[in-house]
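Down below is the structure, laid out as structure tokens.
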Amino acid sequence: MKLYKYLVGAAMTCAVISMPSCAESFLDEVQTTAYDTDYFNTPEGLEQLTISLYGNIRWHFGYEWAYGITLYGTDEFTMGNDNTSEPWNTYNNNLGPLNYTPNVGAPNWNCPPTDGLWNQMYYGIASCNTIIAKADNVIKDETLRNWCLATAYFLRGYNYYRLIAQYGHCVLQTTPTDGVVRNFEDATPEQCWEQAISDLRTAYNLFTGEDDRFGKGVTWNKSTAAHWLAKALLFRVSERNDSWNEKYKSADIEEAIKMCDYAIAQHPLVDNYSDLYANYTGVNCPIESTSEIIMASPSNATSNTKGRYGNRTLYYFHSQFSNYSGGWIARGYATGGKDFQRCVPTEYTYGIYDHVADARLWKTFRTVMGANTNKNDTAALRKGDQLQYVTVGNPAVVFILNKKDDHTYDKFKFGAQQQYPTFVDEAGRLPAWKKDENTPTNGHFTDSVGKWFPVAGILYQNGQWVRDEFKSQPRCNMYAHINKTTAGDGAKDQADDSYRDVTMSRSGETYLMRAELKVRKGDYAGAMADINVIRKRASWKEGENRSYYIDGSEAARTQPGANVETLDNTLLTINSYYLSNPELDWTTAASDLQLKSFPSNLPEEDEAVLATLGVSGDYQRALHFILNERTRELIGEWQRWETLSRTNTLVLRGKAFNPDATGLNDTKNLRPIPQTFLDQLKNSDGTNLSDAQQAAWQNPGY
């Protein structure tokens, strides 16, 4: 977004001023700079320091921690063959106070460090403290002063939210430190949440409306503070805090609902779910400033938003397509992402959607990939007595997302690791389809046979989950991946970052938060009304082509020298909807996902999950339905671990649906306090903390 066109020069300089390097602890609040620190005693200096706060949120999406601490180890995703972040998914003994590095047995240096979030959030907090301490005396202009204070209070509250959500408790440092301080007090969870909520509430009161000075969706303003204040209040009243939060519940729920009301009023939902992520066409494209976005981490094509400041989320969701048998798909910008195979959807994730009526499944998951390499054009592939050929433009890989009770494919052979490919129909080819006739409202498969595909995968055969069987390595590297980070304009090779903004909050989530808050006060009818707003948008609209697909790979067309003819052939605008729902005839009718009752008589996919979990009673049924709906609406949006942790459902749902989360137990609802922090603490007399004193700081189980 345009924010960084304005911001990168001064702001990144100021970010260096206020943030030590990753190797230093937040305890060492060093400010090395080309400026004298007296610069922050001027209005201009504090304004620039305030702008620099935006740089702090970019850390969240720079490396493997983007998914490692937010998505792994939950019901939604498990890991592929790459075990870079394995401890965060399995909860084995390598997830502990010490960072998991090659020095202690890690396969590489990329595993999310235990102290990464801890250090980075305190860097931002240190800058916020400087602004808050100085603004009243330094900035005489009331408008500028209030904006600087609102921004600083917001980021401090947000950063404390992130710390408490992960670690449960932390140091509450609210004033600038003088030099190196080694003696800190540990705050209780109750004190921590009071601080985060107070900061976000102050920010909400100081912001003067819907400021968009840096661009829509990326400028923090009153609705940004409202959304995150509602999240903090919801967290305080959630099950993880039930040992002490009873006195807050009634007032917090009412205040949080009011905050949701405000944010929703300012941020109407977009009409088409594809316009949230799939229709990304390049930097500053329309979907980066839609009405629904409440907060985003901005990126662009400049060097200032690369590397440690870059968006590397496009690496982590794709399957290992370049390694499939035949080599039909090579890495490159035309694929719109990288095939790092980190986040593999679980059986629960595919199964929680209504595969017929819920458009979100087909607008989120890429199920057809076209050949983008010519290296096999002259290689004949034999099927029976026929020779088949694959050329650029052919559907090379198809994922069929069938349901457990579908028996269409019981007798077929599938797989990505065979010398000679197998097919899904008797002729061994995909029913006819022409790309230039496939649009959002027109075009479909015909009865005649046309293009074919050499690599195919399904979910179920004979009522059994078989996706995991398509493998030549220890784990299956073939699956349909989500497209929310796909970006064809920034994925030319492994060294490139994405140019996409990263959405951090949107009103689709705010509706589901408000629904949960209403459930917590027993207003099931009100909750159902909010849920149905989301599900109405999720339904197919009259006239929609259900076999049409698009994702951020389209942004490749915006690149200098892009070969449009090749892109036309490789960016296939098709999905496997009708292959996955073989009982359906072609239709452009609207679908209906509206709940008719709640929390009784839920959709069959929800009832199946609730039965597996052993959930009963109106409150638990409603809560788990909302957790299911959050998957359908928010899959991959950097918050699942926190949501399950706060509701005390992490163990129940993780153990039920993530086969790799073998070390999951109740102590894993919190992360370990970093040893790098504990080792630097001193007693007031200058002595080191004893083992017992360090243990008192540490969370149970670590």
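Labels used: A, B, ... for chains in the order of the structure tokens, numbers from 1 for residues in each chain, and numbers from 1 for ligands as shown.
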All residues 8 Å or closer to segment 97-108 of chain A, only C-alpha atoms, same chain fewer than 3 positions away omitted, as a short mmCIF file (atom, residue, chain, number, x, y, z; two decimals) with N, CA, C and O atoms, in the first residue's frame:
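Dumped to result-v3.cif:
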```cif
data_model
loop_
_atom_site.label_atom_id
_atom_site.label_comp_id
_atom_site.auth_asym_id
_atom_site.auth_seq_id
_atom_site.Cartn_x
_atom_site.Cartn_y
_atom_site.Cartn_z
N ASN A 83 10.79 -30.35 8.07
CA ASN A 83 10.55 -30.33 9.52
C ASN A 83 11.19 -29.13 10.20
O ASN A 83 11.55 -29.18 11.37
N THR A 84 11.32 -28.03 9.46
CA THR A 84 11.95 -26.82 10.01
C THR A 84 11.35 -26.42 11.35
O THR A 84 12.06 -26.10 12.30
N ASN A 94 11.91 -30.54 22.10
CA ASN A 94 12.69 -29.45 21.51
C ASN A 94 11.97 -28.11 21.60
O ASN A 94 12.57 -27.07 21.32
N CYS A 111 14.15 -22.63 12.49
CA CYS A 111 13.05 -22.92 13.41
C CYS A 111 12.69 -21.66 14.20
O CYS A 111 13.58 -20.96 14.71
N PRO A 112 11.40 -21.32 14.30
CA PRO A 112 11.03 -20.11 15.05
C PRO A 112 11.62 -20.12 16.45
O PRO A 112 11.43 -21.08 17.21
N PRO A 113 12.36 -19.08 16.83
CA PRO A 113 12.99 -19.07 18.15
C PRO A 113 11.97 -18.81 19.25
O PRO A 113 10.99 -18.08 19.06
N THR A 114 12.21 -19.39 20.40
CA THR A 114 11.33 -19.17 21.54
C THR A 114 11.30 -17.71 21.94
O THR A 114 10.27 -17.20 22.39
N ASP A 115 12.42 -17.01 21.78
CA ASP A 115 12.48 -15.62 22.23
C ASP A 115 12.22 -14.61 21.12
O ASP A 115 12.34 -13.40 21.34
N PRO A 672 6.91 -21.42 26.37
CA PRO A 672 7.96 -21.28 27.38
C PRO A 672 8.52 -19.86 27.43
O PRO A 672 8.72 -19.22 26.40
N ILE A 673 8.76 -19.35 28.64
CA ILE A 673 9.44 -18.07 28.80
C ILE A 673 10.89 -18.25 28.33
O ILE A 673 11.56 -19.21 28.72
N PRO A 674 11.39 -17.38 27.47
CA PRO A 674 12.72 -17.60 26.87
C PRO A 674 13.84 -17.65 27.91
O PRO A 674 13.91 -16.82 28.82
N GLN A 675 14.72 -18.62 27.75
CA GLN A 675 15.87 -18.74 28.64
C GLN A 675 16.83 -17.57 28.47
O GLN A 675 17.50 -17.16 29.43
N THR A 676 16.89 -17.01 27.26
CA THR A 676 17.78 -15.87 27.03
C THR A 676 17.37 -14.68 27.90
O THR A 676 18.21 -13.87 28.28
N TYR A 702 7.77 -26.73 31.33
CA TYR A 702 8.99 -26.42 30.55
C TYR A 702 10.20 -26.38 31.48
O TYR A 702 10.10 -25.95 32.61
#
```
Taking 2 positions as the minimum chain separation for residues in the same chain, which residues sit within 6 Å of segment 643-659 of chain A when counting only C-alpha atoms? Answer as number ranges by chain. A: 74-75, 238-240, 640-641, 661, 665, 669
Next, the residues of the selection above should be written as a PDB file, in the first residue's frame with N, CA, C and O atoms.
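Once everything was written out, this is out-v6.pdb:
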```
ATOM      1  N   THR A  74      -2.147 -27.151  15.705  1.00  0.00           N
ATOM      2  CA  THR A  74      -3.583 -26.966  15.883  1.00  0.00           C
ATOM      3  C   THR A  74      -4.345 -28.009  15.087  1.00  0.00           C
ATOM      4  O   THR A  74      -3.760 -28.903  14.474  1.00  0.00           O
ATOM      5  N   ASP A  75      -5.670 -27.859  15.064  1.00  0.00           N
ATOM      6  CA  ASP A  75      -6.512 -28.789  14.316  1.00  0.00           C
ATOM      7  C   ASP A  75      -6.469 -28.546  12.814  1.00  0.00           C
ATOM      8  O   ASP A  75      -6.791 -29.436  12.034  1.00  0.00           O
ATOM      9  N   SER A 238     -12.277 -15.366  28.389  1.00  0.00           N
ATOM     10  CA  SER A 238     -12.280 -16.726  27.853  1.00  0.00           C
ATOM     11  C   SER A 238     -11.763 -17.736  28.871  1.00  0.00           C
ATOM     12  O   SER A 238     -11.227 -17.387  29.923  1.00  0.00           O
ATOM     13  N   GLU A 239     -11.905 -19.005  28.517  1.00  0.00           N
ATOM     14  CA  GLU A 239     -11.714 -20.110  29.450  1.00  0.00           C
ATOM     15  C   GLU A 239     -10.305 -20.200  30.019  1.00  0.00           C
ATOM     16  O   GLU A 239     -10.131 -20.650  31.161  1.00  0.00           O
ATOM     17  N   ARG A 240      -9.299 -19.786  29.289  1.00  0.00           N
ATOM     18  CA  ARG A 240      -7.938 -19.891  29.805  1.00  0.00           C
ATOM     19  C   ARG A 240      -7.760 -19.074  31.083  1.00  0.00           C
ATOM     20  O   ARG A 240      -6.868 -19.379  31.898  1.00  0.00           O
ATOM     21  N   ARG A 640      -4.932 -19.172  14.696  1.00  0.00           N
ATOM     22  CA  ARG A 640      -5.631 -20.356  15.180  1.00  0.00           C
ATOM     23  C   ARG A 640      -5.114 -20.837  16.530  1.00  0.00           C
ATOM     24  O   ARG A 640      -5.896 -21.195  17.412  1.00  0.00           O
ATOM     25  N   TRP A 641      -3.790 -20.862  16.722  1.00  0.00           N
ATOM     26  CA  TRP A 641      -3.261 -21.356  18.003  1.00  0.00           C
ATOM     27  C   TRP A 641      -3.783 -20.499  19.148  1.00  0.00           C
ATOM     28  O   TRP A 641      -4.220 -21.021  20.178  1.00  0.00           O
ATOM     29  N   ALA A 661       0.581 -33.955  16.589  1.00  0.00           N
ATOM     30  CA  ALA A 661       0.666 -33.212  17.853  1.00  0.00           C
ATOM     31  C   ALA A 661       0.707 -34.166  19.039  1.00  0.00           C
ATOM     32  O   ALA A 661      -0.093 -34.076  19.977  1.00  0.00           O
ATOM     33  N   ASN A 665      -0.377 -31.363  25.537  1.00  0.00           N
ATOM     34  CA  ASN A 665      -1.053 -31.551  26.819  1.00  0.00           C
ATOM     35  C   ASN A 665      -1.416 -30.178  27.372  1.00  0.00           C
ATOM     36  O   ASN A 665      -1.139 -29.158  26.752  1.00  0.00           O
ATOM     37  N   ASN A 669      -0.775 -24.921  26.534  1.00  0.00           N
ATOM     38  CA  ASN A 669      -1.607 -23.746  26.290  1.00  0.00           C
ATOM     39  C   ASN A 669      -0.816 -22.457  26.442  1.00  0.00           C
ATOM     40  O   ASN A 669      -1.312 -21.375  26.103  1.00  0.00           O
TER      41      ASN A 669
END
```
With segment 302-310 of chain A as the partner and 9 Å as the cut-off, tabulate the residues of segment 42-76 of chain A that qualify, each row holding the nearest pair of atoms and their distance in Å to one decimal, using only C-alpha atoms, sorted by chain and rising number, as a tab-separated table.
```
residue	atom	partner	partner_atom	distance
A:Gly55	CA	A:Tyr309	CA	7.7
A:Arg58	CA	A:Tyr309	CA	5.9
A:Trp59	CA	A:Tyr309	CA	6.4
A:Phe61	CA	A:Gly310	CA	7.2
A:Gly62	CA	A:Gly310	CA	5.3
A:Tyr63	CA	A:Arg308	CA	7.7
```
Using only C-alpha atoms: which of A:Thr364, A:Thr175, A:Asn483, A:Ser690 has the shortest distance to His318 of chain A: A:Asn483
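Omitting Tyr67 of chain A and its sequence neighbours fewer than 4 positions away, and counting only C-alpha atoms, the residues within 7 Å are Leu71, Tyr72 and Trp638 of chain A.
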Apply DSSP to the backbone of this structure and, from segment 115-208 of chain A, keep only the residues in alpha helix (DSSP H); write these as an NGL selection string. :A and (116-138 or 142-167 or 189-206)
Could you name the residues that touch Leu459 of chain A at 9 Å or less, counting only C-alpha atoms, but leaving out those on the same chain fewer than 6 positions away, as a PyMOL selection string? chain A and resi 347+350+399-404+465-468
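Using only C-alpha atoms, the nearest neighbour of Gln639 of chain A within the list A:Thr70, A:Gln266, A:Ser322, A:Asn300 is A:Thr70.
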Quick one: contact table of segment 246-360 of chain A to segment 589-609 of chain A, 10 Å max, nearest atom pair and distance in Å to one decimal per residue, counting only C-alpha atoms, chain and number order, as a tab-separated table?
```
residue	atom	partner	partner_atom	distance
A:Tyr348	CA	A:Val609	CA	8.0
A:Gly351	CA	A:Glu605	CA	6.8
A:Ile352	CA	A:Glu605	CA	5.5
A:Tyr353	CA	A:Glu605	CA	6.9
A:Asp354	CA	A:Glu605	CA	7.0
A:His355	CA	A:Glu605	CA	9.7
A:Val356	CA	A:Ser591	CA	8.3
A:Ala357	CA	A:Ser591	CA	5.3
A:Asp358	CA	A:Leu593	CA	7.1
A:Ala359	CA	A:Ser591	CA	8.8
```
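Summary of the local environment: counting only C-alpha atoms, residues at most 9 Å from segment 678-687 of chain A, other than itself and those fewer than 5 positions away along its chain, are A:Ser25, A:Leu27, A:Val181, A:Arg182, A:Asn183, A:Phe184, A:Ile673, A:Gln694, A:Trp697, A:Gln698.
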Please produce a file of the residues just selected, as an mmCIF file, in the first residue's frame, where the atoms kept are all heavy atoms.
```
data_model
loop_
_atom_site.group_PDB
_atom_site.id
_atom_site.type_symbol
_atom_site.label_atom_id
_atom_site.label_comp_id
_atom_site.auth_asym_id
_atom_site.auth_seq_id
_atom_site.Cartn_x
_atom_site.Cartn_y
_atom_site.Cartn_z
ATOM 1 N N SER A 25 18.987 -8.341 23.554
ATOM 2 C CA SER A 25 17.771 -8.514 24.341
ATOM 3 C C SER A 25 17.058 -7.190 24.479
ATOM 4 O O SER A 25 17.673 -6.129 24.450
ATOM 5 C CB SER A 25 18.118 -9.046 25.728
ATOM 6 O OG SER A 25 17.027 -8.916 26.607
ATOM 7 N N LEU A 27 16.091 -6.113 27.068
ATOM 8 C CA LEU A 27 16.568 -5.536 28.322
ATOM 9 C C LEU A 27 17.631 -4.478 28.063
ATOM 10 O O LEU A 27 17.810 -3.551 28.848
ATOM 11 C CB LEU A 27 17.144 -6.631 29.215
ATOM 12 C CG LEU A 27 16.153 -7.696 29.675
ATOM 13 C CD1 LEU A 27 16.886 -8.849 30.312
ATOM 14 C CD2 LEU A 27 15.157 -7.103 30.652
ATOM 15 N N VAL A 181 18.784 -2.437 32.370
ATOM 16 C CA VAL A 181 18.078 -2.819 33.589
ATOM 17 C C VAL A 181 17.947 -4.335 33.607
ATOM 18 O O VAL A 181 17.552 -4.948 32.616
ATOM 19 C CB VAL A 181 16.684 -2.169 33.664
ATOM 20 C CG1 VAL A 181 15.957 -2.603 34.927
ATOM 21 C CG2 VAL A 181 16.815 -0.654 33.607
ATOM 22 N N ARG A 182 18.329 -4.953 34.726
ATOM 23 C CA ARG A 182 18.294 -6.414 34.829
ATOM 24 C C ARG A 182 17.302 -6.907 35.879
ATOM 25 O O ARG A 182 17.122 -8.104 36.022
ATOM 26 C CB ARG A 182 19.680 -6.949 35.200
ATOM 27 C CG ARG A 182 20.801 -6.533 34.264
ATOM 28 C CD ARG A 182 20.723 -7.232 32.935
ATOM 29 N NE ARG A 182 21.881 -6.975 32.101
ATOM 30 C CZ ARG A 182 21.996 -7.359 30.839
ATOM 31 N NH1 ARG A 182 21.010 -8.006 30.272
ATOM 32 N NH2 ARG A 182 23.077 -7.079 30.150
ATOM 33 N N ASN A 183 16.703 -6.003 36.601
ATOM 34 C CA ASN A 183 15.807 -6.412 37.678
ATOM 35 C C ASN A 183 14.382 -6.024 37.313
ATOM 36 O O ASN A 183 14.055 -4.839 37.233
ATOM 37 C CB ASN A 183 16.221 -5.755 39.003
ATOM 38 C CG ASN A 183 15.289 -6.123 40.136
ATOM 39 O OD1 ASN A 183 14.549 -5.278 40.630
ATOM 40 N ND2 ASN A 183 15.314 -7.380 40.547
ATOM 41 N N PHE A 184 13.549 -7.013 37.030
ATOM 42 C CA PHE A 184 12.162 -6.775 36.648
ATOM 43 C C PHE A 184 11.243 -7.640 37.498
ATOM 44 O O PHE A 184 11.635 -8.696 37.996
ATOM 45 C CB PHE A 184 11.926 -7.113 35.173
ATOM 46 C CG PHE A 184 12.482 -6.102 34.219
ATOM 47 C CD1 PHE A 184 13.741 -6.273 33.669
ATOM 48 C CD2 PHE A 184 11.753 -4.986 33.856
ATOM 49 C CE1 PHE A 184 14.264 -5.355 32.782
ATOM 50 C CE2 PHE A 184 12.263 -4.057 32.972
ATOM 51 C CZ PHE A 184 13.522 -4.236 32.423
ATOM 52 N N ILE A 673 8.762 -19.350 28.645
ATOM 53 C CA ILE A 673 9.443 -18.067 28.798
ATOM 54 C C ILE A 673 10.887 -18.253 28.326
ATOM 55 O O ILE A 673 11.564 -19.209 28.719
ATOM 56 C CB ILE A 673 9.423 -17.600 30.271
ATOM 57 C CG1 ILE A 673 7.986 -17.491 30.774
ATOM 58 C CG2 ILE A 673 10.155 -16.274 30.419
ATOM 59 C CD1 ILE A 673 7.138 -16.476 30.049
ATOM 60 N N GLN A 694 14.327 -18.844 38.760
ATOM 61 C CA GLN A 694 14.016 -18.955 37.340
ATOM 62 C C GLN A 694 12.801 -19.842 37.117
ATOM 63 O O GLN A 694 11.937 -19.546 36.277
ATOM 64 C CB GLN A 694 15.229 -19.507 36.574
ATOM 65 C CG GLN A 694 16.363 -18.522 36.415
ATOM 66 C CD GLN A 694 17.308 -18.910 35.280
ATOM 67 O OE1 GLN A 694 17.056 -19.840 34.527
ATOM 68 N NE2 GLN A 694 18.405 -18.168 35.156
ATOM 69 N N TRP A 697 9.547 -18.051 37.438
ATOM 70 C CA TRP A 697 9.172 -17.274 36.259
ATOM 71 C C TRP A 697 8.608 -18.161 35.149
ATOM 72 O O TRP A 697 7.749 -17.738 34.385
ATOM 73 C CB TRP A 697 10.405 -16.553 35.697
ATOM 74 C CG TRP A 697 10.731 -15.241 36.326
ATOM 75 C CD1 TRP A 697 11.443 -15.020 37.468
ATOM 76 C CD2 TRP A 697 10.367 -13.949 35.835
ATOM 77 N NE1 TRP A 697 11.562 -13.684 37.723
ATOM 78 C CE2 TRP A 697 10.912 -12.989 36.723
ATOM 79 C CE3 TRP A 697 9.653 -13.494 34.726
ATOM 80 C CZ2 TRP A 697 10.754 -11.615 36.541
ATOM 81 C CZ3 TRP A 697 9.498 -12.128 34.537
ATOM 82 C CH2 TRP A 697 10.040 -11.209 35.442
ATOM 83 N N GLN A 698 9.134 -19.386 35.058
ATOM 84 C CA GLN A 698 8.844 -20.248 33.912
ATOM 85 C C GLN A 698 7.425 -20.810 33.972
ATOM 86 O O GLN A 698 6.877 -21.045 35.044
ATOM 87 C CB GLN A 698 9.854 -21.406 33.848
ATOM 88 C CG GLN A 698 9.797 -22.247 32.589
ATOM 89 C CD GLN A 698 9.923 -21.413 31.334
ATOM 90 O OE1 GLN A 698 8.913 -21.053 30.732
ATOM 91 N NE2 GLN A 698 11.169 -21.102 30.956
#
```
Counting only C-alpha atoms, the residue among A:Glu565, A:Asp82, A:Glu642, A:Asp523 that lies closest to Arg671 of chain A is A:Glu642
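Comparing the minimum interatomic distances between Gly282 of chain A and each of A:Glu142, A:Asp501, A:Glu86, A:Asp186, counting only C-alpha atoms, we find that A:Asp501 sits nearest.
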Distance query Phe317 of chain A at most 7 Å, only C-alpha atoms, self and fewer than 2 positions along chain excluded, as a VMD selection string: chain A and resid 314 to 315 319 341 to 343 481 to 482
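Minimum atom-to-atom distance to Asp199 of chain A, evaluated using only C-alpha atoms, belongs to A:Arg156 out of A:His227, A:Arg156, A:His169, A:Arg331.
Candidate residues A:Glu516, A:Ser580, A:Asp275, A:Trp220 were compared for distance to Leu627 of chain A, and the nearest is A:Glu516, using only C-alpha atoms.
Within segment 435-665 of chain A, DSSP run on the backbone puts these residues in strand (DSSP E or B): A:Val449, A:Val455, A:Ala456, A:Gly457, A:Ile458, A:Tyr460, A:Gln461, A:Gln464, A:Trp465, A:His481, A:Ile482, A:Ser498, A:Val502, A:Thr503, A:Met504, A:Ser505, A:Arg506, A:Ser539.
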